[in-house]
Amino acid sequence: MASQHILALISDLFFSSRVGSTLQALGYRVTLVEAADAYPETAFFSAALAADQTALVILDLNAPLPWADWLAAAKADPVTASIPWLAFGSHKETEKLAAAKRAGAERVVARSKFSAELPDLVRALVDN
């Protein structure tokens with residue numbers, strides 16, 4: 001059986017490589033996206049999720065990416081609407097955390113919780 005694909009939208013190179021290594025060690029296939037030019041048009045984002053048979057999107061709310069547009073597009077597309085999103089950000093940025101939840105992210109946590117519980121958070125969403 002092929003490993004499940006996780007798309008991680010994290011712009012911090014050091015942190016994204018740590019997340020990627022952890023997920024790969026758990027047996028997941030990981031694509032790290034650090035820049036908006038990976039998907040120059042929002043329509044390409046949903047198409048890429050479907051084409052890669054993505055099982056989970058991990059979103060750093062502090063990444064300088066058009067994440068709100070990408071999340072809305074993914075949730076509006078019947079092909080990708082069921083793909084769960086795990087968003088994380090600073091516990092102090094409550095509006096960003098709330099915006100991600102309102103936009104459709106299934107799980108929104110503080111960065112500290114994300115770091116401490118990454119394997120459990122991912123398994124809960126992917127193996128669900």
# chains A, B, ... in the order shown; residues from 1 in each chain; ligands from 1

call {"tool": "residues_around", "arguments": {"residues": "segment 96-107 of chain A", "least_positions_apart": "4", "cutoff": "7 Å", "atoms": "only C-alpha atoms", "output": "MDAnalysis selection string"}}
result
chainID A and resid 61 71:72 75 84:87 89

call {"tool": "write_last_selection", "arguments": {"atoms": "C-alpha atoms", "output": "mmCIF file, in the first residue's frame"}}
result
data_model
loop_
_atom_site.group_PDB
_atom_site.id
_atom_site.type_symbol
_atom_site.label_atom_id
_atom_site.label_comp_id
_atom_site.auth_asym_id
_atom_site.auth_seq_id
_atom_site.Cartn_x
_atom_site.Cartn_y
_atom_site.Cartn_z
ATOM 1 C CA LEU A 61 -1.098 30.346 10.014
ATOM 2 C CA LEU A 71 -8.571 26.687 2.354
ATOM 3 C CA ALA A 72 -11.803 28.214 1.050
ATOM 4 C CA LYS A 75 -13.526 23.271 1.085
ATOM 5 C CA PRO A 84 -8.876 17.517 6.696
ATOM 6 C CA TRP A 85 -6.812 20.574 7.598
ATOM 7 C CA LEU A 86 -4.645 20.871 10.699
ATOM 8 C CA ALA A 87 -3.814 24.532 11.331
ATOM 9 C CA GLY A 89 -0.269 29.311 15.017
#

call {"tool": "closest_atom_pairs", "arguments": {"of": "segment 74-93 of chain A", "to": "segment 41-55 of chain A", "cutoff": "9 Å", "atoms": "only C-alpha atoms", "output": "JSON lines"}}
result
{"residue": "A:Ala74", "atom": "CA", "partner": "A:Ser46", "partner_atom": "CA", "distance": 5.2}
{"residue": "A:Lys75", "atom": "CA", "partner": "A:Ser46", "partner_atom": "CA", "distance": 8.9}
{"residue": "A:Asp77", "atom": "CA", "partner": "A:Ser46", "partner_atom": "CA", "distance": 7.2}
{"residue": "A:Val79", "atom": "CA", "partner": "A:Ala50", "partner_atom": "CA", "distance": 6.7}
{"residue": "A:Thr80", "atom": "CA", "partner": "A:Ala50", "partner_atom": "CA", "distance": 6.2}
{"residue": "A:Ile83", "atom": "CA", "partner": "A:Ala55", "partner_atom": "CA", "distance": 6.0}
{"residue": "A:Pro84", "atom": "CA", "partner": "A:Ala55", "partner_atom": "CA", "distance": 7.2}

call {"tool": "select_by_dssp", "arguments": {"residues": "chain A", "states": "alpha helix (DSSP H)", "output": "PyMOL selection string"}}
result
chain A and resi 13-25+42-51+67-76+94-103+111-126

call {"tool": "atom_distance", "arguments": {"atom1": "atom CA of Thr94 of chain A", "atom2": "atom CA of Ala110 of chain A"}}
result
9.3 Å

call {"tool": "select_by_dssp", "arguments": {"residues": "chain A", "states": "strand (DSSP E or B)", "output": "list in words"}}
result
His5, Ile6, Leu7, Ala8, Leu9, Arg29, Val30, Thr31, Leu32, Val33, Thr54, Ala55, Leu56, Val57, Ile58, Leu59, Asp60, Trp85, Leu86, Ala87, Phe88, Gly89, Arg107, Val108, Val109 and Ala110 of chain A

call {"tool": "closest_residue", "arguments": {"among": "A:Val57, A:Ser82, A:Leu65, A:Ala76", "to": "Val108 of chain A", "atoms": "only C-alpha atoms"}}
result
A:Val57

call {"tool": "atom_distance", "arguments": {"atom1": "atom CA of Thr22 of chain A", "atom2": "atom CA of Trp70 of chain A"}}
result
24.4 Å

call {"tool": "atom_distance", "arguments": {"atom1": "atom CA of Pro64 of chain A", "atom2": "atom CA of Gln24 of chain A"}}
result
24.3 Å

call {"tool": "residues_around", "arguments": {"residues": "Val30 of chain A", "least_positions_apart": "2", "cutoff": "9 Å", "atoms": "only C-alpha atoms", "output": "JSON, numbers by chain"}}
result
{"A": [4, 5, 6, 7, 8, 20, 21, 23, 24, 28, 32]}

call {"tool": "residues_around", "arguments": {"residues": "Ser112 of chain A", "least_positions_apart": "3", "cutoff": "12 Å", "atoms": "only C-alpha atoms", "output": "mmCIF file with N, CA and C atoms, in the first residue's frame"}}
result
data_model
loop_
_atom_site.group_PDB
_atom_site.id
_atom_site.type_symbol
_atom_site.label_atom_id
_atom_site.label_comp_id
_atom_site.auth_asym_id
_atom_site.auth_seq_id
_atom_site.Cartn_x
_atom_site.Cartn_y
_atom_site.Cartn_z
ATOM 1 N N PHE A 88 -2.070 25.515 12.673
ATOM 2 C CA PHE A 88 -1.438 25.895 13.925
ATOM 3 C C PHE A 88 -0.878 27.306 13.816
ATOM 4 N N GLY A 89 -0.797 27.953 14.972
ATOM 5 C CA GLY A 89 -0.269 29.311 15.017
ATOM 6 C C GLY A 89 -0.011 29.723 16.446
ATOM 7 N N SER A 90 0.443 30.929 16.596
ATOM 8 C CA SER A 90 0.736 31.461 17.922
ATOM 9 C C SER A 90 -0.541 31.516 18.763
ATOM 10 N N HIS A 91 -0.439 31.100 20.004
ATOM 11 C CA HIS A 91 -1.597 31.154 20.892
ATOM 12 C C HIS A 91 -2.058 32.591 21.128
ATOM 13 N N LYS A 92 -1.182 33.553 20.856
ATOM 14 C CA LYS A 92 -1.524 34.962 21.045
ATOM 15 C C LYS A 92 -2.332 35.529 19.881
ATOM 16 N N VAL A 108 -7.526 23.199 14.882
ATOM 17 C CA VAL A 108 -6.719 24.409 15.001
ATOM 18 C C VAL A 108 -6.112 24.396 16.399
ATOM 19 N N VAL A 109 -4.773 24.458 16.442
ATOM 20 C CA VAL A 109 -4.080 24.364 17.724
ATOM 21 C C VAL A 109 -2.962 25.405 17.808
ATOM 22 N N SER A 115 3.667 21.180 18.061
ATOM 23 C CA SER A 115 5.016 20.624 18.197
ATOM 24 C C SER A 115 5.048 19.421 19.134
ATOM 25 N N ALA A 116 4.359 19.528 20.241
ATOM 26 C CA ALA A 116 4.398 18.480 21.254
ATOM 27 C C ALA A 116 3.604 17.236 20.865
ATOM 28 N N GLU A 117 2.538 17.415 20.073
ATOM 29 C CA GLU A 117 1.619 16.309 19.805
ATOM 30 C C GLU A 117 1.463 15.988 18.318
ATOM 31 N N LEU A 118 2.431 16.377 17.495
ATOM 32 C CA LEU A 118 2.304 16.214 16.050
ATOM 33 C C LEU A 118 1.880 14.803 15.624
#

call {"tool": "closest_residue", "arguments": {"among": "A:Leu56, A:Ala81, A:Ala73, A:Ser3", "to": "Ala124 of chain A", "atoms": "only C-alpha atoms"}}
result
A:Leu56
